[in-house]
$ cat target.txt   # compact mmCIF, C-alpha atoms
# COMPACT_ATOMS: atom_id res chain seq x y z
CA MET H 8 -73.56 -19.03 -118.61
CA VAL H 9 -70.82 -19.61 -121.14
CA THR H 10 -71.87 -20.94 -124.53
CA THR H 11 -70.09 -22.00 -127.67
CA THR H 12 -70.42 -19.43 -130.39
CA LEU H 13 -69.95 -20.16 -134.07
CA ASP H 14 -68.51 -17.35 -136.12
CA THR H 15 -71.67 -16.21 -137.87
CA VAL H 16 -69.88 -15.17 -141.05
CA THR H 17 -67.80 -18.27 -141.76
CA GLN H 18 -69.43 -20.91 -139.52
CA GLN H 19 -65.98 -21.79 -138.24
CA PRO H 20 -65.77 -23.61 -134.90
CA PHE H 21 -62.67 -21.66 -133.81
CA THR H 22 -61.29 -18.20 -134.50
CA SER H 23 -58.28 -18.44 -136.80
CA ARG H 24 -54.90 -17.27 -135.52
CA GLY H 25 -53.24 -16.49 -138.85
CA PRO H 26 -53.37 -17.32 -142.57
CA LEU H 27 -52.61 -21.03 -142.19
CA SER H 28 -55.21 -21.83 -139.52
CA ASP H 29 -57.68 -19.65 -141.43
CA ALA H 30 -57.15 -21.66 -144.62
CA VAL H 31 -57.34 -25.02 -142.81
CA LEU H 32 -60.55 -24.01 -141.04
CA ARG H 33 -62.12 -22.75 -144.26
CA ARG H 34 -61.22 -25.92 -146.13
CA LEU H 35 -62.42 -28.26 -143.38
CA THR H 36 -65.71 -26.41 -143.05
CA GLY H 37 -66.20 -26.57 -146.81
CA THR H 38 -66.22 -22.80 -147.26
CA GLU H 39 -63.09 -22.60 -149.43
CA ARG H 40 -61.09 -25.18 -151.36
CA ASP H 41 -58.76 -23.13 -153.50
CA ARG H 42 -55.92 -21.89 -151.38
CA ALA H 43 -52.52 -23.55 -151.64
CA LEU H 44 -52.40 -25.08 -148.18
CA ASP H 45 -49.01 -26.73 -148.61
CA ALA H 46 -47.36 -23.40 -149.47
CA LEU H 47 -48.95 -21.77 -146.42
CA ALA H 48 -47.79 -24.66 -144.21
CA ARG H 49 -44.23 -24.57 -145.56
CA SER H 50 -44.02 -20.83 -145.08
CA ALA H 51 -45.47 -21.00 -141.55
CA VAL H 52 -42.98 -23.66 -140.45
CA ALA H 53 -40.04 -21.91 -142.16
CA GLY H 54 -41.00 -18.53 -140.75
CA THR H 55 -41.65 -19.33 -137.09
CA ALA H 56 -39.15 -18.89 -134.30
CA ASP H 57 -40.88 -21.48 -132.12
CA VAL H 58 -43.24 -24.10 -133.58
CA VAL H 59 -44.48 -25.16 -130.13
CA ARG H 60 -45.65 -21.66 -129.22
CA ASP H 61 -46.83 -20.59 -132.69
CA ASP H 62 -50.57 -19.96 -132.47
CA ASP H 63 -51.26 -20.23 -136.19
CA ILE H 64 -49.39 -23.55 -136.60
CA GLN H 65 -50.75 -25.16 -133.44
CA LEU H 66 -54.37 -24.21 -134.14
CA ALA H 67 -54.06 -25.46 -137.74
CA LEU H 68 -52.61 -28.78 -136.55
CA PHE H 69 -55.18 -29.06 -133.75
CA THR H 70 -57.97 -28.55 -136.30
CA LEU H 71 -56.51 -31.19 -138.63
CA TYR H 72 -56.37 -33.69 -135.77
CA ALA H 73 -59.90 -32.75 -134.65
CA SER H 74 -60.99 -33.83 -138.13
CA ALA H 75 -59.42 -37.27 -137.55
CA TYR H 76 -60.93 -37.63 -134.06
CA GLY H 77 -64.33 -36.49 -135.24
CA SER H 78 -64.49 -34.31 -132.13
CA ILE H 79 -65.78 -31.14 -133.84
CA PRO H 80 -69.02 -31.63 -135.80
CA ALA H 81 -68.49 -28.50 -137.92
CA LEU H 82 -65.50 -30.15 -139.65
CA ALA H 83 -66.71 -32.02 -142.73
CA ALA H 84 -66.36 -35.80 -142.40
CA ASP H 85 -65.79 -36.32 -146.13
CA LEU H 86 -62.65 -34.16 -145.97
CA GLU H 87 -60.93 -36.40 -143.41
CA TRP H 88 -58.61 -37.88 -146.04
CA ASP H 89 -58.45 -34.84 -148.35
CA PRO H 90 -54.94 -35.13 -149.88
CA ALA H 91 -54.13 -31.43 -149.49
CA LEU H 92 -55.12 -31.54 -145.81
CA ILE H 93 -53.09 -34.71 -145.21
CA GLU H 94 -50.08 -33.14 -146.91
CA THR H 95 -50.50 -30.05 -144.74
CA ARG H 96 -50.66 -32.20 -141.62
CA LEU H 97 -47.46 -34.01 -142.60
CA LEU H 98 -45.64 -30.70 -143.12
CA LEU H 99 -46.77 -29.36 -139.74
CA GLU H 100 -46.00 -32.66 -138.01
CA ALA H 101 -42.48 -32.59 -139.45
CA GLY H 102 -42.05 -29.12 -137.95
CA LEU H 103 -43.44 -30.15 -134.55
CA GLU H 104 -41.47 -33.38 -134.37
CA HIS H 105 -38.25 -31.59 -135.32
CA ALA H 106 -38.84 -28.95 -132.63
CA VAL H 107 -39.66 -31.49 -129.91
CA ARG H 108 -36.73 -33.77 -130.78
CA ALA H 109 -34.42 -30.74 -130.73
CA ALA H 110 -35.69 -29.71 -127.29
CA VAL H 111 -35.94 -33.17 -125.72
CA PRO H 112 -32.85 -35.39 -125.78
CA VAL H 113 -33.40 -39.15 -125.73
CA PRO H 114 -32.71 -40.31 -122.14
CA GLU H 115 -30.03 -42.88 -121.45
CA LEU H 116 -31.29 -46.24 -122.74
CA PRO H 117 -31.78 -49.12 -120.31
CA PRO H 118 -31.27 -52.72 -121.50
CA PRO H 119 -34.37 -53.83 -123.46
CA THR H 120 -35.87 -55.97 -120.72
CA GLY H 121 -39.28 -55.35 -119.20
CA ASP H 122 -37.84 -54.91 -115.73
CA ALA H 123 -35.08 -52.52 -116.76
CA VAL H 124 -37.38 -50.40 -118.93
CA ALA H 125 -40.04 -50.12 -116.21
CA ARG H 126 -37.40 -49.11 -113.67
CA ALA H 127 -35.88 -46.57 -116.08
CA LEU H 128 -39.28 -45.01 -116.76
CA PHE H 129 -40.11 -44.76 -113.04
CA GLN H 130 -36.67 -43.21 -112.45
CA LEU H 131 -37.08 -40.71 -115.29
CA THR H 132 -40.49 -39.60 -114.09
CA SER H 133 -39.38 -39.29 -110.45
CA ASP H 134 -36.36 -37.19 -111.50
CA ASP H 135 -38.75 -34.72 -113.13
CA THR H 136 -38.28 -31.47 -111.25
CA GLY H 137 -40.51 -29.21 -113.33
CA PRO H 138 -42.61 -26.50 -111.73
CA SER H 139 -45.37 -28.00 -109.66
CA LEU H 140 -48.74 -26.90 -110.89
CA SER H 141 -50.38 -29.40 -108.56
CA ARG H 142 -48.75 -27.96 -105.43
CA TYR H 143 -49.81 -24.48 -106.51
CA LEU H 144 -53.38 -25.70 -106.99
CA ALA H 145 -53.30 -27.40 -103.60
CA LYS H 146 -52.10 -24.40 -101.63
CA ARG H 147 -52.51 -21.11 -103.48
CA ALA H 148 -54.80 -21.14 -106.52
CA THR H 149 -57.82 -18.82 -106.49
CA ALA H 150 -61.28 -19.82 -107.65
CA GLU H 151 -60.64 -18.03 -110.96
CA GLN H 152 -57.34 -19.87 -111.45
CA VAL H 153 -59.14 -23.15 -110.84
CA ARG H 154 -61.57 -22.25 -113.63
CA GLU H 155 -58.60 -21.54 -115.90
CA PHE H 156 -57.11 -24.89 -114.94
CA PHE H 157 -60.31 -26.64 -116.06
CA VAL H 158 -60.36 -24.63 -119.31
CA GLN H 159 -56.73 -25.56 -120.05
CA ARG H 160 -57.31 -29.22 -119.20
CA SER H 161 -60.52 -29.45 -121.25
CA ILE H 162 -58.61 -29.64 -124.54
CA TYR H 163 -57.28 -33.08 -123.64
CA THR H 164 -59.46 -34.31 -120.82
CA LEU H 165 -62.88 -34.03 -122.46
CA ARG H 166 -61.40 -36.56 -124.92
CA GLU H 167 -59.28 -38.32 -122.31
CA ALA H 168 -57.46 -41.47 -123.46
CA ASP H 169 -58.32 -41.03 -127.16
CA PRO H 170 -54.81 -40.06 -128.38
CA HIS H 171 -53.29 -43.24 -126.95
CA SER H 172 -56.07 -45.45 -128.31
CA TRP H 173 -54.71 -44.94 -131.84
CA ALA H 174 -51.89 -47.29 -130.77
CA ILE H 175 -54.13 -50.29 -130.05
CA PRO H 176 -54.22 -51.81 -133.58
CA ARG H 177 -50.49 -51.12 -134.06
CA LEU H 178 -49.57 -53.27 -131.06
CA SER H 179 -49.82 -57.01 -130.61
CA GLY H 180 -49.58 -59.61 -127.85
CA ARG H 181 -48.72 -58.58 -124.30
CA ALA H 182 -48.32 -54.88 -125.03
CA LYS H 183 -51.70 -54.71 -126.78
CA ALA H 184 -53.44 -56.51 -123.91
CA ALA H 185 -51.83 -54.11 -121.44
CA LEU H 186 -52.92 -51.00 -123.35
CA VAL H 187 -56.47 -52.32 -123.65
CA GLU H 188 -56.50 -53.10 -119.92
CA ILE H 189 -55.63 -49.45 -119.21
CA GLN H 190 -57.96 -47.97 -121.82
CA ALA H 191 -60.93 -50.11 -120.75
CA ASP H 192 -60.61 -48.53 -117.31
CA GLU H 193 -60.23 -45.05 -118.87
CA TYR H 194 -63.44 -45.61 -120.81
CA GLY H 195 -65.43 -46.67 -117.74
CA ASP H 196 -65.24 -50.47 -118.21
CA GLY H 197 -68.72 -50.61 -119.71
CA ARG H 198 -70.16 -47.77 -117.63
CA PRO H 199 -70.47 -44.57 -119.66
CA ASP H 200 -70.91 -42.48 -116.50
CA ARG H 201 -67.52 -43.72 -115.20
CA MET H 202 -65.71 -42.84 -118.41
CA HIS H 203 -62.96 -40.47 -117.31
CA ALA H 204 -63.90 -37.88 -119.93
CA ALA H 205 -67.49 -38.00 -118.63
CA ILE H 206 -66.39 -37.58 -115.01
CA PHE H 207 -64.34 -34.55 -116.10
CA ALA H 208 -67.32 -33.13 -118.01
CA LYS H 209 -69.39 -33.44 -114.82
CA ALA H 210 -66.72 -31.49 -112.92
CA MET H 211 -66.65 -28.76 -115.59
CA ARG H 212 -70.41 -28.32 -115.35
CA ALA H 213 -70.15 -28.21 -111.56
CA VAL H 214 -67.73 -25.26 -111.70
CA GLY H 215 -70.03 -23.48 -114.17
CA LEU H 216 -68.12 -24.17 -117.38
CA ASP H 217 -69.32 -25.44 -120.76
CA ASP H 218 -68.47 -29.13 -121.28
CA THR H 219 -68.96 -29.02 -125.06
CA TYR H 220 -65.78 -30.27 -126.69
CA GLY H 221 -63.82 -27.38 -128.17
CA ALA H 222 -65.79 -24.65 -126.38
CA TYR H 223 -62.56 -23.17 -125.01
CA VAL H 224 -60.14 -23.74 -127.87
CA ASP H 225 -60.13 -19.99 -128.54
CA ASP H 226 -59.14 -19.35 -124.91
CA VAL H 227 -56.06 -21.54 -124.64
CA PRO H 228 -52.54 -20.60 -125.72
CA ALA H 229 -50.58 -22.36 -128.47
CA VAL H 230 -48.53 -24.39 -126.00
CA THR H 231 -51.67 -26.05 -124.61
CA LEU H 232 -52.71 -27.05 -128.12
CA ALA H 233 -49.13 -28.19 -128.80
CA SER H 234 -49.20 -30.54 -125.82
CA HIS H 235 -52.35 -32.16 -127.22
CA ASN H 236 -51.00 -32.11 -130.78
CA LEU H 237 -47.90 -33.95 -129.59
CA MET H 238 -50.05 -36.81 -128.28
CA SER H 239 -52.12 -36.89 -131.45
CA MET H 240 -49.01 -36.93 -133.65
CA LEU H 241 -47.39 -39.75 -131.68
CA GLY H 242 -50.64 -41.72 -131.68
CA LEU H 243 -51.63 -41.27 -135.31
CA ASN H 244 -48.26 -42.08 -136.86
CA ARG H 245 -47.42 -45.77 -136.84
CA ARG H 246 -43.70 -45.04 -137.11
CA LEU H 247 -43.93 -43.29 -133.71
CA LEU H 248 -45.51 -46.26 -131.90
CA GLY H 249 -42.70 -46.49 -129.35
CA ALA H 250 -43.06 -42.80 -128.53
CA ILE H 251 -46.81 -42.91 -127.87
CA VAL H 252 -46.28 -45.89 -125.56
CA GLY H 253 -43.52 -44.07 -123.69
CA HIS H 254 -45.71 -40.97 -123.56
CA LEU H 255 -48.54 -42.91 -121.91
CA ALA H 256 -46.18 -44.50 -119.38
CA ALA H 257 -44.84 -41.10 -118.31
CA PHE H 258 -48.34 -39.61 -118.32
CA GLU H 259 -49.63 -42.30 -115.95
CA MET H 260 -46.52 -42.16 -113.75
CA THR H 261 -46.97 -38.44 -113.14
CA SER H 262 -50.67 -38.55 -112.36
CA SER H 263 -51.64 -40.16 -109.03
CA ILE H 264 -49.79 -37.81 -106.72
CA PRO H 265 -50.59 -34.57 -108.63
CA ASN H 266 -54.26 -35.55 -108.74
CA ARG H 267 -54.25 -35.91 -104.96
CA PHE H 268 -52.94 -32.31 -104.73
CA TYR H 269 -55.54 -31.06 -107.21
CA ALA H 270 -58.29 -32.65 -105.13
CA THR H 271 -56.84 -31.03 -101.98
CA GLY H 272 -56.93 -27.60 -103.64
CA LEU H 273 -60.48 -28.06 -104.86
CA ARG H 274 -61.64 -29.06 -101.36
CA ARG H 275 -59.77 -26.05 -99.91
CA LEU H 276 -61.86 -23.83 -102.17
CA GLY H 277 -65.06 -25.49 -100.97
CA HIS H 278 -65.79 -27.75 -103.92
CA GLY H 279 -67.74 -30.95 -103.31
CA GLU H 280 -67.56 -34.44 -104.67
CA ASP H 281 -69.12 -33.52 -108.03
CA VAL H 282 -65.90 -31.56 -108.73
CA THR H 283 -63.36 -33.70 -106.85
CA ASP H 284 -64.62 -37.08 -108.12
CA TYR H 285 -62.50 -36.88 -111.28
CA PHE H 286 -59.30 -36.20 -109.31
CA ASP H 287 -60.00 -38.73 -106.55
CA GLU H 288 -60.73 -41.34 -109.23
CA HIS H 289 -57.31 -40.70 -110.81
CA VAL H 290 -55.40 -41.12 -107.55
CA GLU H 291 -56.56 -44.74 -107.44
CA ALA H 292 -56.83 -45.47 -111.17
CA ASP H 293 -53.45 -44.16 -112.21
CA ALA H 294 -51.66 -45.98 -109.39
CA VAL H 295 -52.87 -49.10 -111.23
CA HIS H 296 -52.26 -47.78 -114.73
CA GLU H 297 -48.68 -46.68 -114.07
CA GLN H 298 -47.69 -50.21 -113.09
CA ILE H 299 -49.32 -51.74 -116.16
CA ALA H 300 -47.99 -48.99 -118.45
CA GLY H 301 -44.41 -49.29 -117.17
CA ARG H 302 -44.01 -53.03 -117.03
CA ASP H 303 -46.68 -54.75 -119.13
CA LEU H 304 -46.97 -52.14 -121.89
CA ALA H 305 -43.68 -50.26 -122.33
CA GLY H 306 -41.52 -53.01 -120.82
CA ALA H 307 -43.11 -55.77 -122.89
CA LEU H 308 -42.96 -53.67 -126.06
CA ALA H 309 -39.23 -53.02 -125.53
CA GLU H 310 -38.64 -56.76 -125.11
CA ASP H 311 -40.70 -57.69 -128.14
CA ARG H 312 -39.47 -54.86 -130.38
CA PRO H 313 -36.14 -53.60 -129.00
CA GLU H 314 -35.71 -51.29 -132.00
CA LEU H 315 -38.49 -49.15 -130.50
CA LEU H 316 -36.66 -48.59 -127.19
CA PRO H 317 -35.14 -45.18 -128.08
CA ASP H 318 -38.58 -43.84 -129.03
CA ILE H 319 -40.19 -45.33 -125.91
CA MET H 320 -37.75 -43.34 -123.78
CA PHE H 321 -38.07 -40.27 -126.04
CA GLY H 322 -41.87 -40.35 -125.82
CA ALA H 323 -41.68 -40.44 -122.03
CA ALA H 324 -39.27 -37.51 -121.94
CA ALA H 325 -41.40 -35.59 -124.46
CA CYS H 326 -44.47 -36.06 -122.25
CA LEU H 327 -42.64 -34.61 -119.26
CA ALA H 328 -41.31 -31.70 -121.35
CA ALA H 329 -44.71 -30.80 -122.80
CA ASP H 330 -46.32 -30.96 -119.35
CA ALA H 331 -43.60 -28.66 -118.04
CA TRP H 332 -44.10 -26.17 -120.90
CA VAL H 333 -47.82 -25.91 -120.17
CA GLY H 334 -47.27 -25.80 -116.41
CA GLU H 335 -44.63 -23.07 -116.69
CA ARG H 336 -46.91 -20.95 -118.83
CA MET H 337 -49.71 -21.22 -116.26
CA LEU H 338 -47.56 -20.69 -113.17
CA THR H 339 -45.66 -17.75 -114.69
CA ALA H 340 -48.92 -16.00 -115.59
CA TRP H 341 -50.44 -16.62 -112.17
CA GLU H 342 -47.33 -15.55 -110.27
CA HIS H 343 -47.48 -12.24 -112.15
CA GLY H 344 -51.17 -11.82 -111.37
CA ARG H 345 -52.19 -12.45 -114.99
CA SER H 346 -54.54 -14.91 -116.67
CA SER H 347 -52.92 -17.95 -118.28
CA LEU H 348 -55.50 -17.80 -121.07
CA ARG H 349 -55.55 -15.83 -124.30
CA ARG H 350 -58.82 -14.27 -123.20
CA SER H 351 -61.22 -14.66 -120.30
CA PRO H 352 -63.53 -17.68 -120.48
CA ASP H 353 -66.38 -15.36 -119.56
CA HIS H 354 -66.42 -13.80 -123.04
CA GLY H 355 -69.58 -13.34 -125.06
CA MET I 19 -67.47 -71.20 -119.87
CA ALA I 20 -65.04 -72.06 -117.09
CA GLU I 21 -64.46 -69.28 -114.62
CA GLU I 22 -61.20 -67.42 -115.08
CA ARG I 23 -58.89 -67.89 -112.11
CA ALA I 24 -57.88 -64.71 -110.33
CA THR I 25 -54.24 -63.56 -110.39
CA ILE I 26 -52.23 -61.65 -107.80
CA THR I 27 -49.05 -60.05 -109.11
CA PRO I 28 -46.45 -58.15 -107.08
CA TYR I 29 -44.93 -55.26 -109.06
CA PRO I 30 -41.31 -54.51 -108.06
CA ASP I 31 -40.94 -51.51 -105.72
CA GLY I 32 -44.70 -51.04 -105.96
CA PRO I 33 -48.14 -52.41 -105.20
CA ILE I 34 -49.76 -55.81 -105.69
CA LEU I 35 -52.12 -55.99 -108.65
CA VAL I 36 -55.23 -58.15 -108.34
CA ARG I 37 -57.05 -59.30 -111.46
CA GLY I 38 -60.12 -61.50 -111.56
CA ASP I 39 -62.98 -62.41 -109.26
CA VAL I 40 -61.76 -61.78 -105.71
CA ASP I 41 -63.75 -60.35 -102.79
CA LEU I 42 -61.84 -57.76 -100.79
CA LEU I 43 -62.80 -57.74 -97.10
CA GLY I 44 -61.96 -55.34 -94.30
CA PRO I 45 -60.67 -56.51 -90.88
CA ASP I 46 -64.31 -56.73 -89.71
CA GLY I 47 -65.20 -58.93 -92.67
CA ALA I 48 -67.18 -56.19 -94.38
CA PRO I 49 -66.75 -56.11 -98.15
CA ILE I 50 -64.61 -53.34 -99.64
CA GLU I 51 -66.02 -51.91 -102.85
CA ARG I 52 -63.91 -52.64 -105.93
CA ARG I 53 -64.40 -49.81 -108.36
CA ARG I 54 -62.30 -51.22 -111.18
CA ARG I 55 -61.55 -54.56 -112.77
CA THR I 56 -57.82 -54.47 -111.93
CA VAL I 57 -56.91 -53.04 -108.51
CA ALA I 58 -53.54 -52.15 -106.97
CA LEU I 59 -53.18 -52.96 -103.26
CA CYS I 60 -50.81 -50.90 -101.10
CA ARG I 61 -47.62 -52.76 -100.16
CA CYS I 62 -45.59 -49.94 -98.56
CA GLY I 63 -48.14 -49.02 -95.87
CA LEU I 64 -48.15 -45.32 -96.76
CA SER I 65 -51.19 -45.04 -99.02
CA THR I 66 -53.88 -42.55 -98.03
CA ILE I 67 -56.55 -44.72 -99.71
CA LYS I 68 -55.67 -48.14 -98.25
CA PRO I 69 -56.14 -50.92 -99.07
CA PHE I 70 -55.55 -49.38 -102.52
CA CYS I 71 -52.28 -47.90 -103.76
CA ASP I 72 -52.04 -44.12 -104.32
CA GLY I 73 -48.45 -43.97 -105.55
CA SER I 74 -47.04 -42.89 -102.16
CA HIS I 75 -44.40 -45.62 -102.36
CA LYS I 76 -42.55 -43.64 -105.01
CA PRO I 77 -41.56 -40.45 -103.13
CA ALA I 78 -40.96 -42.64 -100.05
CA GLY I 79 -38.36 -44.68 -101.94
CA PHE I 80 -40.05 -48.00 -101.09
CA ARG I 81 -38.00 -50.95 -102.38
CA THR I 82 -38.83 -54.63 -102.69
CA ASP I 83 -36.38 -57.53 -103.08
CA ASP I 84 -37.58 -58.55 -106.53

$ encode --input "target.txt" --output "structure tokens"
Amino acid sequence: MVTTTLDTVTQQPFTSRGPLSDAVLRRLTGTERDRALDALARSAVAGTADVVRDDDIQLALFTLYASAYGSIPALAADLEWDPALIETRLLLEAGLEHAVRAAVPVPELPPPTGDAVARALFQLTSDDTGPSLSRYLAKRATAEQVREFFVQRSIYTLREADPHSWAIPRLSGRAKAALVEIQADEYGDGRPDRMHAAIFAKAMRAVGLDDTYGAYVDDVPAVTLASHNLMSMLGLNRRLLGAIVGHLAAFEMTSSIPNRFYATGLRRLGHGEDVTDYFDEHVEADAVHEQIAGRDLAGALAEDRPELLPDIMFGAAACLAADAWVGERMLTAWEHGRSSLRRSPDHG
Amino acid sequence: MAEERATITPYPDGPILVRGDVDLLGPDGAPIERRRRTVALCRCGLSTIKPFCDGSHKPAGFRTDD
């Protein structure tokens, strides 16, 4: 049985990965308030060769966002708006946004009509030729690799839909109604047991994993945290509204078919409906969501606020890029017979 | 409160979205369970979860006239 362990010395929810994440964790758990966080953040961003794959930066940023989500009880609620922590987050976000914008060119812009934007997003997501994690899961993954897949996914999926919900109050009219239509379905439409995060938690328990949020943060590499941090950054910053909408559209448009493959792989390995329910649900749900996200959300937003069109398309491309970075990391490890995790989930 | 009228919306190159109070019936008249408020019905004929859409129209290159 895997359990969450708190560091008995510092009562920190995660193990730090360097001086910056150590200082952020200590400050957010109320164990230390004195260190100059902004200087540590500046030096971490200036000194890294790759923000996206920098463990110290990504864990620090993940922890700062966890404070905003309220997803980790050990992080003190009264420090949510601590000025030094907010300044640190802004510095790290600037580094992450710069890195992602440098790596992900804005796709060719369609005319700002709902129809043209929806078509452009469907085209962009069907052109995506990244490595196929879902096909690997369907045909080749071992039972242990499936467990790793759940561990990697748990960072986002145990809080599924939350990053995009930050956009609801920033939208209005048609686009807002469309986002709420999608999110209501994500959150179970009044049925807590049909909430997608809850269906995923059930699947994690069924494969013998801990469904406590954050239980596997220490196991996942920086790039997995970066993929989640990207969503949180786009969702929490009002100036990036177009990008979080584009991100959701691409996310939904690359979901139905992969989820069918994931379910196939899980059945191949003998898993029952308690494990496959989450993936089967997404085959049907996301075939609905992708239509609403493309046309009624992103398309309507581009018509209503054409100045957001470049970020809508950038957000979609950034979603595909981040997915590919995580997928490549997992497939490369598995093809070399290695674990894709920083350590085995069977620790302690 | 007056009952909301149902809507049926074709999405270009994709499924038909049904919103509102509509009973879905199979060819034998038996009700088909609706598991969500808004459902997408297959229009290309290739879905593996008919009558619902599973996104199969996309790799198949299904095109509509709208």

$ closest_residue --input "target.txt" --among "I:Cys71, I:Ala24, I:Leu43, I:Ala78" --to "Val57 (chain I)" --atoms "only C-alpha atoms"
I:Cys71

$ atom_distance --input "target.txt" --atom1 "CA of Val230 (chain H)" --atom2 "CA of Arg60 (chain H)"
5.1 Å

$ closest_residue --input "target.txt" --among "H:Thr261, H:Gln190, H:Ser78, H:Gln298" --to "Ala323 (chain H)" --atoms "all atoms listed in the file"
H:Thr261

$ closest_atom_pairs --input "target.txt" --of "chain H" --to "chain I" --cutoff "10 Å" --atoms "all atoms listed in the file" --output "tab-separated table"
residue	atom	partner	partner_atom	distance
H:Asp122	CA	I:Pro30	CA	8.4
H:Ala125	CA	I:Pro30	CA	9.3
H:Arg126	CA	I:Pro30	CA	8.7
H:Phe129	CA	I:Lys76	CA	8.5
H:Gln130	CA	I:Lys76	CA	9.5
H:Ser133	CA	I:Lys76	CA	7.7
H:Glu188	CA	I:Thr56	CA	8.2
H:Ile189	CA	I:Thr56	CA	9.1
H:Ala191	CA	I:Arg55	CA	9.2
H:Asp192	CA	I:Arg54	CA	6.9
H:Gly195	CA	I:Arg54	CA	8.6
H:Asp196	CA	I:Arg54	CA	7.7
H:Arg201	CA	I:Arg53	CA	9.7
H:Met260	CA	I:Gly73	CA	8.6
H:Thr261	CA	I:Gly73	CA	9.5
H:Ser262	CA	I:Gly73	CA	9.0
H:Ser263	CA	I:Gly73	CA	6.1
H:Ile264	CA	I:Gly73	CA	6.4
H:Asn266	CA	I:Asp72	CA	9.9
H:Arg267	CA	I:Asp72	CA	8.5
H:Asp287	CA	I:Ile67	CA	9.7
H:Glu288	CA	I:Arg53	CA	9.3
H:His289	CA	I:Asp72	CA	9.0
H:Val290	CA	I:Asp72	CA	5.5
H:Glu291	CA	I:Asp72	CA	5.5
H:Ala292	CA	I:Arg54	CA	7.9
H:Asp293	CA	I:Asp72	CA	8.0
H:Ala294	CA	I:Gly73	CA	5.4
H:Val295	CA	I:Ala58	CA	5.3
H:His296	CA	I:Ala58	CA	9.0
H:Glu297	CA	I:Gly73	CA	8.9
H:Gln298	CA	I:Tyr29	CA	7.0
H:Ile299	CA	I:Tyr29	CA	9.1
H:Arg302	CA	I:Tyr29	CA	8.3

$ atom_distance --input "target.txt" --atom1 "CA of Pro170 (chain H)" --atom2 "CA of Met238 (chain H)"
5.8 Å

$ atom_distance --input "target.txt" --atom1 "CA of Ala67 (chain H)" --atom2 "CA of Val111 (chain H)"
23.1 Å

$ build_atoms --input "target.txt" --residues "region 109-120 of chain H" --atoms "N, CA and C atoms" --output "CSV table (one decimal), in the coordinates of the input"
chain,number,residue,atom,x,y,z
H,109,ALA,N,-35.5,-31.6,-131.0
H,109,ALA,CA,-34.4,-30.7,-130.7
H,109,ALA,C,-34.4,-30.3,-129.3
H,110,ALA,N,-35.6,-30.2,-128.7
H,110,ALA,CA,-35.7,-29.7,-127.3
H,110,ALA,C,-35.6,-30.8,-126.3
H,111,VAL,N,-35.8,-32.1,-126.7
H,111,VAL,CA,-35.9,-33.2,-125.7
H,111,VAL,C,-34.9,-34.3,-126.1
H,112,PRO,N,-33.8,-34.3,-125.5
H,112,PRO,CA,-32.8,-35.4,-125.8
H,112,PRO,C,-33.4,-36.8,-125.4
H,113,VAL,N,-33.0,-37.8,-126.1
H,113,VAL,CA,-33.4,-39.2,-125.7
H,113,VAL,C,-32.7,-39.5,-124.4
H,114,PRO,N,-33.4,-39.9,-123.4
H,114,PRO,CA,-32.7,-40.3,-122.1
H,114,PRO,C,-31.8,-41.5,-122.4
H,115,GLU,N,-30.9,-41.7,-121.4
H,115,GLU,CA,-30.0,-42.9,-121.4
H,115,GLU,C,-30.9,-44.2,-121.6
H,116,LEU,N,-30.5,-45.1,-122.5
H,116,LEU,CA,-31.3,-46.2,-122.7
H,116,LEU,C,-31.0,-47.4,-121.8
H,117,PRO,N,-32.0,-47.9,-121.1
H,117,PRO,CA,-31.8,-49.1,-120.3
H,117,PRO,C,-31.6,-50.3,-121.2
H,118,PRO,N,-31.2,-51.5,-120.7
H,118,PRO,CA,-31.3,-52.7,-121.5
H,118,PRO,C,-32.7,-53.0,-121.9
H,119,PRO,N,-33.0,-53.6,-123.0
H,119,PRO,CA,-34.4,-53.8,-123.5
H,119,PRO,C,-35.1,-55.0,-122.8
H,120,THR,N,-35.1,-55.0,-121.5
H,120,THR,CA,-35.9,-56.0,-120.7
H,120,THR,C,-37.0,-55.2,-120.0
